[in-house]
Structure formats: structure tokens, C-alpha cells
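*Asks:* Okay, handing you the structure first.
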Amino acid sequence: MAERNETAVSEFILVGFSSLGEKLKIFLFLVLLLIYLITITGNVVIIFIVWGNPRLHSPMYFFIANLSFLETWFTSVTSPKLMLNFLSISRSISFHGCMAQSFFYFALGGTELAFLVVMSFDRYVAICRPLQYATIMEQRFCIQLVLGTWVGGFMLMSLRMLLFLKLSFCGPNVINHFFCDNTPLFLLSCSDTSGARRVDSILISILVLSSLGLTMLSYVSILFSILRIPTATGRQKAFATCGSHLTSLAIAYGSCIVLYARPSGSFSLDVNKGVAVLNTVLYPFLNPFIYSLRNKTVKLALRETFRLGTEKLLPDL
């Protein structure tokens with residue numbers, strides 16, 4: 001019999017956290033809504049501050065602004081649907097909407113991992129090779145790095161998406177997750193998914209682990225340079241900055257390893273959902289504060305922007 005290549009399922013039902021009580025779901029909806037609004041607002045503020053303030057026209061802030069732009073879209077891929085599920089407004093998602101959500105989640109996530117490598121390399125050059133920083137991190141090279149991460153991330157995940165487009169979904173259509181992740185989709189497919197699972201696991205594992213290795217290589221070099229700082233105050237300040245960065249990286253890479261770079265079946269889908277919240281909600285929420293809003297230069301730029309805005313609005317007062 002010829003293999004069926006048509007898709008019978010026209011929509012999926014996202015279970016999410018439907019087993020929770022109604023009052024708890026309303027509370028979590030409000031918490032998630034507040035986190036989402038703060039995340040979007042923080043990232044948009046960073047983008048405009050970096051774009052509009054000349055003192056922030058440097059490679060580090062150029063990369064941070066691009067990361068903020070990426071984070072705005074990354075959290076928007078899953079968070080709105082998650083919040084709607086808590087209100088039980090709509091748990092369904094169309095087949096094409098599900099495939100699009102899966103593609104952008106992994107494409108933006110893969111691009112972000114590449115960005116973390118680029119940002120760690122920028123810090124390595126700034127701290128370990130300060131005299132060569134301006135020569136190495138010239139504007140053209142920085143733009144090439146950013147374009148490379150975007151194009152590379154989306155091209156790699158486009159190839160991965162071809163695996164899903166070859167799968168058939170004949171029912172059932174209930175996804176035990178709050179978004180269209182790869183594991184529950186593989187479980188629902190009525191095709192033979194063994195080859196696709198293997199390729200998908202190898203591809204994502206290589207991306208996550210290679211990105212982690214390159215990022216940690218930069219930070220280990222940075223830590224050795226910090227240890228050579230003569231003053232205790234200077235070392236303490238540098239360690240505090242690196243410590244906050246490493247906390248953010250631990251959440252990002254820890255959740256990715258648990259979700260995608262470990263043996264299949266090691267955790268239940270319920271555990272996966274909890275870990276995925278860290279990856280899609282908590283990590284994007286923390287990043288604006290860790291990388292930008294705690295920075296003294298960014299704070300000064302914010303004060304200058306608000307002062308200039310106030311003077312324009314109230315010129316005669």
C-alpha cells in the first residue's frame with residue numbers, strides 16, 4: 001500500500017495546565033500577563049535606548065539590542081496562547097498554526113543560542129584583549145555576526161522543519177503541552193517517527209551542546225582574566241557581573257538540555273511543561289534586567305532620555 005502523505009488532522013488541542021483549579025488558573029494568568037508585559041516593555045525600551053543614545057553605540061549594546069528584539073518575538077510565540085489556555089478561551093490551534101509555532105519557537109531559540117556565543121565572544125575580547133577590541137569588533141564584523149546568527153538559525157531549523165512536514169497526523173489531536181513542542185508532536189504522528197526523532201535529537205543536541213561549549217570557553221577565559229585583576233573591588237565587581245550572566249545562562253542551557261539534549265523518555269511531558277515555562281517565560285523576563293537594566297551606562301542613558309522627553313513636553317515650565 002502506498003504511504004499516505006496527506007494530513008487528516010486540521011487542528012490540535014493544547015492541554016496546557018487544564019488540570020489546575022479555576023482560581024489558580026486565573027491567578028497564574030494575571031502573573032503571566034504581568035511578566036509578559038514587563039518583558040515586552042523592557043526589551044522595547046532597551047531597543048529604543050540603544051538606537052537613540054550615542055553613548056550606547058558600541059558592539060556590546062548592539063548585540064544586546066538585537067537580543068532584546070529576538071526575545072520579544074521568542075516569548076510572543078508561546079506566551080499569548082499559554083495565557084489564553086489559562087482562561088479556557090481557546091485551547092485549539094490549527095494544524096498550520098501549530099507547525100508555524102513550532103518552527104518559530106525552534107528557529108528563534110536556535111538563533112538565540114548563537115547570539116549567546118557571539119555575546120560571550122564580545123565580552124571575551126573586551127576583557128581579555130582590550131587593546132585589540134576596537135580592531136576586532138569593528139562595525140562591519142559585528143553586523144556580519146548578527147546576520148550570520150539570524151540566517152544560520154533560521155536555515156538550520158528550516159531543514160529540521162522538513163522532517164515534520166513529511167509526517168502524517170491522523171488523530172488523536174490532543175497535545176499534552178502548552179505549545180507545539182517536538183516530543184508531543186512525534187507522539188501524535190501516525191507515521192514512523194524513529195528516523196525523524198533521531199535526526200531531530202542529534203541536530204538540536206549538537207546545536208545546544210556546541211553553543212554551550214563555546215560560550216563556557218569564553219567565560220572560563222574571562223574568569224581567569226578576572227582573577228588577575230589586582231584590586232579586590234575590581235574582582236568583586238567583575239564576578240558580580242559574570243555571576244548574573246551565568247545565572248541566566250544556567251536557566252537557558254539547563255532547560256534546553258533537559259528538554260532536548262537528554263535521552264528520550266527521561267522525563268514525563270508534565271515535567272517537560274514545567275521546564276518549558278522556565279525557557280519561554282522566566283528566561284526572557286530576566287534577560288532585560290541581567291544584561292541591560294542593571295547596567296550603570298544604560299541607567300544613565302534612561303535618565304537622559306526621560307529628562308530630554310520631559311523638557312520637550314514641558315518646555316515652558
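The way I read the labels, and the way they are meant: chains A, B, ... in the order of the C-alpha cells, residue 1 as the first residue of every chain, and ligand 1 as the first ligand shown, with later ones counted on from there.
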Any idea what's packed within 12 Å of Thr297 of chain A, counting only C-alpha atoms, ignoring anything in its chain fewer than 2 positions away? Could you give it as a list in words?

*Replies:*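 That gives Ile46, Ile49, Val50, Asn53, Pro54, Arg55, Leu56, His57, Ser58, Met60, Tyr61, Tyr291, Ser292, Leu293, Arg294, Asn295, Lys299, Leu300, Ala301, Leu302, Arg303 and Glu304 of chain A.
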
*Asks:* Write down as a ChimeraX atom specification the residues belonging to segment 13-237 of chain A that are assigned strand (DSSP E or B) by DSSP computed on the backbone.

*Replies:* /A:13-14,92-94,174-175

*Asks:* For Ile127 of chain A, which residue out of A:Leu87, A:Leu33, A:Val208, A:Ile229 is the nearest one, using only C-alpha atoms?

*Replies:* A:Ile229

*Asks:* Between A:Met161, A:Phe285, A:Ala126, A:Arg91, single out the one closest to Leu34 of chain A, counting only C-alpha atoms.

*Replies:*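 Using only C-alpha atoms, Leu34 of chain A sits closest to A:Phe285.
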
*Asks:* Near Leu145 of chain A, counting only C-alpha atoms, which residues have an atom at most 12 Å away, once you skip same-chain residues fewer than 2 positions from it, shown as a ChimeraX atom specification?

*Replies:* /A:59,62-63,66,111,114-119,121-122,136-143,147-153

*Asks:* My list of candidates is A:Thr72, A:Asn176, A:Ser10, A:Ser19. Which is closest to Ser94 of chain A when distances are computed with only C-alpha atoms?

*Replies:* A:Ser10

*Asks:* Restricting the calculation to only C-alpha atoms, which member of A:Leu209, A:Phe289, A:Gly243, A:Leu167 is positioned closest to Ser194 of chain A?

*Replies:* A:Leu167

*Asks:* Quick one: residues within 7 Å of segment 218-226 of chain A, only C-alpha atoms counted, chain neighbours fewer than 3 positions away excluded, as a VMD selection string?

*Replies:* chain A and resid 120 to 121 124 127 to 128 214 to 215 229 235 238
